[in-house]
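S.K.: If it helps, the file is called coords34.pdb and holds PDB, C-alpha atoms:
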```pdb
MODEL        1
ATOM      1  CA  MET A   1      56.024  74.869 143.942  1.00  0.00           C
ATOM      2  CA  PRO A   2      57.084  78.518 143.448  1.00  0.00           C
ATOM      3  CA  ARG A   3      59.146  80.006 146.264  1.00  0.00           C
ATOM      4  CA  ASP A   4      60.779  83.290 147.152  1.00  0.00           C
ATOM      5  CA  PHE A   5      64.527  82.683 147.379  1.00  0.00           C
ATOM      6  CA  THR A   6      65.331  86.209 148.568  1.00  0.00           C
ATOM      7  CA  ALA A   7      67.397  86.160 151.769  1.00  0.00           C
ATOM      8  CA  LYS A   8      65.058  86.161 154.770  1.00  0.00           C
ATOM      9  CA  CYS A   9      66.924  88.945 156.553  1.00  0.00           C
ATOM     10  CA  LYS A  10      66.608  91.151 153.482  1.00  0.00           C
ATOM     11  CA  ARG A  11      62.851  90.657 153.519  1.00  0.00           C
ATOM     12  CA  CYS A  12      62.676  91.864 157.120  1.00  0.00           C
ATOM     13  CA  ARG A  13      64.919  94.845 156.391  1.00  0.00           C
ATOM     14  CA  ARG A  14      62.782  95.755 153.383  1.00  0.00           C
ATOM     15  CA  ALA A  15      59.654  95.610 155.554  1.00  0.00           C
ATOM     16  CA  GLY A  16      61.386  97.724 158.195  1.00  0.00           C
ATOM     17  CA  GLU A  17      60.510  95.413 161.068  1.00  0.00           C
ATOM     18  CA  LYS A  18      61.048  91.904 162.387  1.00  0.00           C
ATOM     19  CA  LEU A  19      58.904  89.355 160.584  1.00  0.00           C
ATOM     20  CA  PHE A  20      60.436  86.451 162.550  1.00  0.00           C
ATOM     21  CA  LEU A  21      61.285  84.513 159.393  1.00  0.00           C
ATOM     22  CA  LYS A  22      64.279  82.831 161.070  1.00  0.00           C
ATOM     23  CA  GLY A  23      62.545  81.791 164.269  1.00  0.00           C
ATOM     24  CA  ASP A  24      64.548  82.061 167.505  1.00  0.00           C
ATOM     25  CA  ARG A  25      67.464  83.820 165.795  1.00  0.00           C
ATOM     26  CA  CYS A  26      65.254  86.876 165.312  1.00  0.00           C
ATOM     27  CA  ALA A  27      65.162  87.380 169.100  1.00  0.00           C
ATOM     28  CA  THR A  28      68.957  87.587 169.375  1.00  0.00           C
ATOM     29  CA  PRO A  29      71.426  90.440 168.717  1.00  0.00           C
ATOM     30  CA  LYS A  30      72.351  88.628 165.495  1.00  0.00           C
ATOM     31  CA  CYS A  31      69.068  89.732 163.945  1.00  0.00           C
ATOM     32  CA  ALA A  32      69.692  91.795 160.811  1.00  0.00           C
ATOM     33  CA  ILE A  33      67.165  94.440 161.893  1.00  0.00           C
ATOM     34  CA  VAL A  34      69.261  95.030 165.017  1.00  0.00           C
ATOM     35  CA  LYS A  35      72.585  95.102 163.194  1.00  0.00           C
ATOM     36  CA  ARG A  36      71.449  96.929 160.044  1.00  0.00           C
ATOM     37  CA  PRO A  37      68.157  98.769 160.665  1.00  0.00           C
ATOM     38  CA  TYR A  38      67.885 100.171 157.157  1.00  0.00           C
ATOM     39  CA  PRO A  39      66.645  98.837 153.793  1.00  0.00           C
ATOM     40  CA  PRO A  40      68.981  96.597 151.791  1.00  0.00           C
ATOM     41  CA  GLY A  41      70.882  98.086 148.875  1.00  0.00           C
ATOM     42  CA  VAL A  42      73.190 101.048 148.317  1.00  0.00           C
ATOM     43  CA  HIS A  43      70.501 103.656 149.054  1.00  0.00           C
ATOM     44  CA  LYS A  44      70.262 102.822 152.749  1.00  0.00           C
ATOM     45  CA  SER A  45      69.698 106.438 153.769  1.00  0.00           C
ATOM     46  CA  ILE A  46      66.388 106.711 151.914  1.00  0.00           C
ATOM     47  CA  SER A  47      63.547 107.368 154.370  1.00  0.00           C
ATOM     48  CA  ARG A  48      60.603 105.003 154.672  1.00  0.00           C
ATOM     49  CA  LYS A  49      58.303 107.922 155.382  1.00  0.00           C
ATOM     50  CA  GLY A  50      56.128 109.742 152.895  1.00  0.00           C
ATOM     51  CA  LEU A  51      54.684 106.726 151.044  1.00  0.00           C
ATOM     52  CA  SER A  52      51.732 107.457 148.816  1.00  0.00           C
ATOM     53  CA  GLU A  53      48.427 105.669 149.344  1.00  0.00           C
ATOM     54  CA  PHE A  54      49.363 103.179 146.630  1.00  0.00           C
ATOM     55  CA  GLY A  55      52.794 102.735 148.226  1.00  0.00           C
ATOM     56  CA  GLN A  56      51.228 101.904 151.588  1.00  0.00           C
ATOM     57  CA  GLN A  57      48.889  99.366 149.981  1.00  0.00           C
ATOM     58  CA  LEU A  58      51.777  97.747 148.098  1.00  0.00           C
ATOM     59  CA  ALA A  59      53.980  97.661 151.218  1.00  0.00           C
ATOM     60  CA  THR A  60      51.198  95.966 153.219  1.00  0.00           C
ATOM     61  CA  LYS A  61      50.632  93.360 150.514  1.00  0.00           C
ATOM     62  CA  GLN A  62      54.348  92.611 150.285  1.00  0.00           C
ATOM     63  CA  LYS A  63      54.618  92.355 154.067  1.00  0.00           C
ATOM     64  CA  VAL A  64      51.826  89.778 154.251  1.00  0.00           C
ATOM     65  CA  LYS A  65      53.415  87.768 151.429  1.00  0.00           C
ATOM     66  CA  ARG A  66      56.724  87.707 153.299  1.00  0.00           C
ATOM     67  CA  ILE A  67      55.148  86.764 156.631  1.00  0.00           C
ATOM     68  CA  TYR A  68      53.202  83.781 155.273  1.00  0.00           C
ATOM     69  CA  GLY A  69      55.708  82.803 152.577  1.00  0.00           C
ATOM     70  CA  VAL A  70      53.237  82.986 149.689  1.00  0.00           C
ATOM     71  CA  MET A  71      53.795  84.249 146.171  1.00  0.00           C
ATOM     72  CA  GLU A  72      51.809  86.893 144.319  1.00  0.00           C
ATOM     73  CA  LYS A  73      49.697  84.370 142.411  1.00  0.00           C
ATOM     74  CA  GLN A  74      48.791  82.489 145.593  1.00  0.00           C
ATOM     75  CA  LEU A  75      47.757  85.626 147.460  1.00  0.00           C
ATOM     76  CA  LYS A  76      45.647  86.805 144.540  1.00  0.00           C
ATOM     77  CA  ILE A  77      43.900  83.424 144.368  1.00  0.00           C
ATOM     78  CA  TYR A  78      43.115  83.636 148.095  1.00  0.00           C
ATOM     79  CA  PHE A  79      41.690  87.117 147.544  1.00  0.00           C
ATOM     80  CA  GLN A  80      39.488  85.952 144.669  1.00  0.00           C
ATOM     81  CA  LYS A  81      38.140  83.083 146.787  1.00  0.00           C
ATOM     82  CA  VAL A  82      37.037  85.321 149.666  1.00  0.00           C
ATOM     83  CA  LYS A  83      35.914  88.241 147.504  1.00  0.00           C
ATOM     84  CA  GLY A  84      32.133  88.541 147.526  1.00  0.00           C
ATOM     85  CA  LYS A  85      31.618  86.296 150.568  1.00  0.00           C
ATOM     86  CA  SER A  86      29.639  87.605 153.504  1.00  0.00           C
ATOM     87  CA  GLY A  87      31.868  89.342 156.020  1.00  0.00           C
ATOM     88  CA  VAL A  88      34.809  91.722 155.882  1.00  0.00           C
ATOM     89  CA  THR A  89      36.921  90.718 152.886  1.00  0.00           C
ATOM     90  CA  GLY A  90      40.235  91.707 154.488  1.00  0.00           C
ATOM     91  CA  ASP A  91      39.514  89.672 157.618  1.00  0.00           C
ATOM     92  CA  LEU A  92      38.431  86.672 155.534  1.00  0.00           C
ATOM     93  CA  LEU A  93      41.666  86.875 153.560  1.00  0.00           C
ATOM     94  CA  MET A  94      43.786  86.872 156.726  1.00  0.00           C
ATOM     95  CA  GLN A  95      41.668  84.057 158.138  1.00  0.00           C
ATOM     96  CA  ARG A  96      42.429  81.924 155.099  1.00  0.00           C
ATOM     97  CA  LEU A  97      46.149  82.610 155.390  1.00  0.00           C
ATOM     98  CA  GLU A  98      46.089  81.735 159.092  1.00  0.00           C
ATOM     99  CA  MET A  99      44.388  78.405 158.410  1.00  0.00           C
ATOM    100  CA  ARG A 100      47.159  77.184 156.121  1.00  0.00           C
ATOM    101  CA  LEU A 101      48.628  73.973 157.550  1.00  0.00           C
ATOM    102  CA  ASP A 102      52.184  75.338 157.719  1.00  0.00           C
ATOM    103  CA  ASN A 103      50.974  78.374 159.665  1.00  0.00           C
ATOM    104  CA  VAL A 104      49.060  76.185 162.135  1.00  0.00           C
ATOM    105  CA  ILE A 105      52.215  74.126 162.775  1.00  0.00           C
ATOM    106  CA  TYR A 106      54.094  77.366 163.438  1.00  0.00           C
ATOM    107  CA  ARG A 107      51.367  78.870 165.630  1.00  0.00           C
ATOM    108  CA  CYS A 108      51.284  75.823 167.910  1.00  0.00           C
ATOM    109  CA  GLN A 109      55.101  76.149 168.384  1.00  0.00           C
ATOM    110  CA  ILE A 110      56.045  72.813 166.853  1.00  0.00           C
ATOM    111  CA  ALA A 111      58.223  74.760 164.412  1.00  0.00           C
ATOM    112  CA  SER A 112      60.224  77.884 165.211  1.00  0.00           C
ATOM    113  CA  SER A 113      59.335  79.557 161.915  1.00  0.00           C
ATOM    114  CA  ARG A 114      56.849  79.185 159.086  1.00  0.00           C
ATOM    115  CA  CYS A 115      59.710  78.223 156.792  1.00  0.00           C
ATOM    116  CA  GLN A 116      60.641  75.318 159.051  1.00  0.00           C
ATOM    117  CA  ALA A 117      56.974  74.350 159.373  1.00  0.00           C
ATOM    118  CA  ARG A 118      56.653  74.324 155.581  1.00  0.00           C
ATOM    119  CA  GLN A 119      59.612  71.976 155.276  1.00  0.00           C
ATOM    120  CA  LEU A 120      58.239  69.605 157.923  1.00  0.00           C
ATOM    121  CA  VAL A 121      54.866  69.448 156.167  1.00  0.00           C
ATOM    122  CA  LYS A 122      56.445  68.825 152.751  1.00  0.00           C
ATOM    123  CA  HIS A 123      58.392  65.901 154.237  1.00  0.00           C
ATOM    124  CA  SER A 124      55.096  64.228 155.231  1.00  0.00           C
ATOM    125  CA  HIS A 125      55.577  64.528 158.983  1.00  0.00           C
ATOM    126  CA  PHE A 126      51.925  65.312 159.751  1.00  0.00           C
ATOM    127  CA  THR A 127      48.469  63.842 159.373  1.00  0.00           C
ATOM    128  CA  VAL A 128      45.149  65.664 159.348  1.00  0.00           C
ATOM    129  CA  ASN A 129      42.295  63.558 160.657  1.00  0.00           C
ATOM    130  CA  GLY A 130      44.472  60.464 160.196  1.00  0.00           C
ATOM    131  CA  LYS A 131      45.439  61.189 156.576  1.00  0.00           C
ATOM    132  CA  ILE A 132      48.933  62.248 155.515  1.00  0.00           C
ATOM    133  CA  VAL A 133      49.037  65.788 154.149  1.00  0.00           C
ATOM    134  CA  ASP A 134      52.204  67.130 152.533  1.00  0.00           C
ATOM    135  CA  LEU A 135      50.826  70.407 151.163  1.00  0.00           C
ATOM    136  CA  PRO A 136      51.849  73.461 153.246  1.00  0.00           C
ATOM    137  CA  SER A 137      48.996  75.413 151.635  1.00  0.00           C
ATOM    138  CA  TYR A 138      46.366  72.903 152.806  1.00  0.00           C
ATOM    139  CA  ILE A 139      43.526  74.820 154.487  1.00  0.00           C
ATOM    140  CA  VAL A 140      42.456  73.241 157.767  1.00  0.00           C
ATOM    141  CA  LYS A 141      38.877  73.373 158.978  1.00  0.00           C
ATOM    142  CA  LYS A 142      37.154  73.568 162.319  1.00  0.00           C
ATOM    143  CA  ASP A 143      37.415  70.302 164.322  1.00  0.00           C
ATOM    144  CA  ASP A 144      40.379  69.063 162.259  1.00  0.00           C
ATOM    145  CA  VAL A 145      42.989  67.191 164.318  1.00  0.00           C
ATOM    146  CA  ILE A 146      46.633  67.499 163.299  1.00  0.00           C
ATOM    147  CA  GLU A 147      49.092  64.878 164.560  1.00  0.00           C
ATOM    148  CA  ILE A 148      52.673  63.846 163.928  1.00  0.00           C
ATOM    149  CA  LYS A 149      52.955  60.672 161.897  1.00  0.00           C
ATOM    150  CA  ASP A 150      53.854  57.731 164.178  1.00  0.00           C
ATOM    151  CA  SER A 151      56.885  56.706 162.141  1.00  0.00           C
ATOM    152  CA  LYS A 152      58.259  60.250 162.327  1.00  0.00           C
ATOM    153  CA  LEU A 153      58.192  60.425 166.117  1.00  0.00           C
ATOM    154  CA  LYS A 154      61.509  58.548 166.182  1.00  0.00           C
ATOM    155  CA  LYS A 155      63.198  61.359 164.282  1.00  0.00           C
ATOM    156  CA  THR A 156      65.727  63.363 166.293  1.00  0.00           C
ATOM    157  CA  PHE A 157      63.767  66.560 165.770  1.00  0.00           C
ATOM    158  CA  PHE A 158      60.652  65.168 167.461  1.00  0.00           C
ATOM    159  CA  LYS A 159      62.256  63.177 170.290  1.00  0.00           C
ATOM    160  CA  ASN A 160      62.585  66.142 172.638  1.00  0.00           C
ATOM    161  CA  LEU A 161      59.865  68.256 171.080  1.00  0.00           C
ATOM    162  CA  ALA A 162      57.353  67.542 173.858  1.00  0.00           C
ATOM    163  CA  GLU A 163      59.732  69.017 176.440  1.00  0.00           C
ATOM    164  CA  VAL A 164      60.378  72.033 174.236  1.00  0.00           C
ATOM    165  CA  VAL A 165      56.654  72.623 173.829  1.00  0.00           C
ATOM    166  CA  ARG A 166      56.106  72.343 177.579  1.00  0.00           C
ATOM    167  CA  SER A 167      58.901  74.845 178.190  1.00  0.00           C
ATOM    168  CA  LYS A 168      56.972  77.315 176.056  1.00  0.00           C
ATOM    169  CA  LYS A 169      53.721  76.837 177.934  1.00  0.00           C
ATOM    170  CA  ASP A 170      53.839  80.447 179.111  1.00  0.00           C
ATOM    171  CA  GLN A 171      53.519  81.552 175.502  1.00  0.00           C
ATOM    172  CA  VAL A 172      49.798  81.757 174.880  1.00  0.00           C
ATOM    173  CA  LEU A 173      48.520  79.840 171.880  1.00  0.00           C
ATOM    174  CA  PRO A 174      45.899  81.396 169.601  1.00  0.00           C
ATOM    175  CA  SER A 175      42.416  80.948 171.016  1.00  0.00           C
ATOM    176  CA  TRP A 176      41.306  78.927 167.976  1.00  0.00           C
ATOM    177  CA  LEU A 177      43.887  76.182 168.534  1.00  0.00           C
ATOM    178  CA  GLN A 178      43.996  73.548 171.277  1.00  0.00           C
ATOM    179  CA  MET A 179      47.169  71.537 171.793  1.00  0.00           C
ATOM    180  CA  ASP A 180      47.971  68.337 173.652  1.00  0.00           C
ATOM    181  CA  ALA A 181      51.658  68.766 174.592  1.00  0.00           C
ATOM    182  CA  ASP A 182      52.051  65.080 175.516  1.00  0.00           C
ATOM    183  CA  LYS A 183      50.638  63.674 172.288  1.00  0.00           C
ATOM    184  CA  LEU A 184      51.858  66.651 170.234  1.00  0.00           C
ATOM    185  CA  SER A 185      48.459  66.884 168.587  1.00  0.00           C
ATOM    186  CA  VAL A 186      46.580  70.036 167.652  1.00  0.00           C
ATOM    187  CA  LYS A 187      42.845  70.548 167.276  1.00  0.00           C
ATOM    188  CA  VAL A 188      41.306  73.447 165.373  1.00  0.00           C
ATOM    189  CA  THR A 189      38.485  74.559 167.655  1.00  0.00           C
ATOM    190  CA  ALA A 190      37.287  77.565 165.678  1.00  0.00           C
ATOM    191  CA  LYS A 191      38.127  79.916 162.843  1.00  0.00           C
ATOM    192  CA  PRO A 192      40.686  82.611 163.687  1.00  0.00           C
ATOM    193  CA  THR A 193      39.371  86.085 164.389  1.00  0.00           C
ATOM    194  CA  LYS A 194      40.936  89.452 163.712  1.00  0.00           C
ATOM    195  CA  ASP A 195      41.882  89.833 167.391  1.00  0.00           C
ATOM    196  CA  SER A 196      43.784  86.513 167.441  1.00  0.00           C
ATOM    197  CA  LEU A 197      46.161  87.341 164.578  1.00  0.00           C
ATOM    198  CA  ASN A 198      48.640  89.392 166.627  1.00  0.00           C
ATOM    199  CA  LEU A 199      49.936  91.074 163.466  1.00  0.00           C
ATOM    200  CA  SER A 200      50.390  94.760 162.796  1.00  0.00           C
ATOM    201  CA  VAL A 201      48.693  94.568 159.416  1.00  0.00           C
ATOM    202  CA  ASN A 202      45.705  96.388 157.963  1.00  0.00           C
ATOM    203  CA  PRO A 203      44.256  93.821 155.517  1.00  0.00           C
ATOM    204  CA  GLN A 204      41.882  96.410 154.084  1.00  0.00           C
ATOM    205  CA  MET A 205      44.861  97.911 152.249  1.00  0.00           C
ATOM    206  CA  ILE A 206      45.369  94.611 150.422  1.00  0.00           C
ATOM    207  CA  VAL A 207      41.698  94.606 149.427  1.00  0.00           C
ATOM    208  CA  GLU A 208      42.046  98.166 148.109  1.00  0.00           C
ATOM    209  CA  PHE A 209      45.195  97.205 146.195  1.00  0.00           C
ATOM    210  CA  TYR A 210      43.511  94.319 144.380  1.00  0.00           C
ATOM    211  CA  SER A 211      40.292  96.311 143.866  1.00  0.00           C
ATOM    212  CA  ARG A 212      41.971  99.069 141.861  1.00  0.00           C
TER     213      ARG A 212
ENDMDL
END
```
Would you write the structure of this file as structure tokens?
M.R.:
Amino acid sequence: MPRDFTAKCKRCRRAGEKLFLKGDRCATPKCAIVKRPYPPGVHKSISRKGLSEFGQQLATKQKVKRIYGVMEKQLKIYFQKVKGKSGVTGDLLMQRLEMRLDNVIYRCQIASSRCQARQLVKHSHFTVNGKIVDLPSYIVKKDDVIEIKDSKLKKTFFKNLAEVVRSKKDQVLPSWLQMDADKLSVKVTAKPTKDSLNLSVNPQMIVEFYSR
């Protein structure tokens, strides 16, 4: 499976904002954006302003790739699958990215980052509707139930997870997910909408980039 091995902090600095790729660390003073709020490389004084229309489209596409941890080929495949379907293409593209299994695990706060969620999924920690799924890119559907595999509940990581999840109860989950904190199970109650993404991204720019 192709992966981006670029340092996570460099990806945030290149985007010019926190992408929360390292989970809880991103909320501390150790965050690279706090310590070095400029692009990586020797030309740190170069301004981010004045991007052309193409530059803005490219920057948006790259930002989305970094947030969801997908490669260029994967994102283009997602675009081709939603292209021509009824609805707003940009919103459908973001909806598909949101319904990746690794993103769902992250959104329901079982993992502190999408990277950690991806690793947990690849190690076969979760089932979808009772069947083991180890593909982070698996697209969940409405009414799917995601649970932690029984044999994995004894792992150190999951032993105190219920308490951790309860401690984060003040953090509102996306409206399209319903979680049972005691059983650590998640149900997909609907498809995500544009308002539930909570991302400062204009997906239409990605559509324009691929439609050139």
S.K.: Using only C-alpha atoms, what does the table of stretch 99-120 of chain A residues within 12 Å of stretch 57-79 of chain A look like, with each row giving the shortest atom pair and its distance in Å to one decimal, sorted by chain and ascending number, as CSV?
M.R.:
```
residue,atom,partner,partner_atom,distance
A:Met99,CA,A:Tyr68,CA,10.8
A:Arg100,CA,A:Tyr68,CA,9.0
A:Leu101,CA,A:Tyr68,CA,11.1
A:Asp102,CA,A:Tyr68,CA,8.8
A:Asn103,CA,A:Tyr68,CA,7.3
A:Val104,CA,A:Tyr68,CA,11.0
A:Tyr106,CA,A:Tyr68,CA,10.4
A:Arg107,CA,A:Tyr68,CA,11.6
A:Ser113,CA,A:Ile67,CA,9.9
A:Arg114,CA,A:Tyr68,CA,7.0
A:Cys115,CA,A:Gly69,CA,7.4
A:Gln116,CA,A:Gly69,CA,11.1
A:Ala117,CA,A:Gly69,CA,10.9
A:Arg118,CA,A:Gly69,CA,9.0
A:Gln119,CA,A:Gly69,CA,11.8
```
S.K.: May I have the residues within 12 Å of A:Asn198 as a list of chain:residue names, using only C-alpha atoms and disregarding those fewer than 5 positions away in the same chain?
M.R.: A:Leu19, A:Met94, A:Glu98, A:Arg107, A:Val172, A:Leu173, A:Pro174, A:Ser175, A:Pro192, A:Thr193
S.K.: Please, what distance in Å, to one decimal, runs between atom CA of A:Ile105 and atom CA of A:Val186?
M.R.: 8.5 Å
S.K.: So the first atom is atom CA of A:Leu153 and the second is atom CA of A:Thr189; what is the distance between them in Å, to one decimal place?
M.R.: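 Here the two named atoms are 24.3 Å from each other.
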S.K.: In Å, with one decimal, what is the gap from atom CA of A:Ile146 to atom CA of A:Leu199?
M.R.: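 Distance between the two atoms: 23.8 Å.
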S.K.: Which is closest to A:Lys83 among A:Ser200, A:Phe126, A:Arg96, A:Asp150, if we use all atoms listed in the file?
M.R.: A:Arg96
S.K.: Given only C-alpha atoms as the basis, pick out the residue of A:Gln109, A:Ser137, A:Ser211, A:Ser86 nearest to A:Lys122.
M.R.: A:Ser137
S.K.: Would you compute, for all listed atoms of stretch 110-125 of chain A, the axis-aligned bounding box grown by 8 Å on each side, and then report its centre and edge lengths in Å rounded to one decimal, as AutoDock Vina command-line options?
M.R.:
```
--center_x 57.8 --center_y 71.9 --center_z 159.8 --size_x 21.8 --size_y 31.3 --size_z 30.1
```
S.K.: Of the candidates A:Leu184, A:Ile206, A:Val140, A:Val121, which shows the shortest atom-to-atom distance to A:Leu161, using all atoms listed in the file?
M.R.: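 Residue with the minimum atom-to-atom distance to A:Leu161: A:Leu184.
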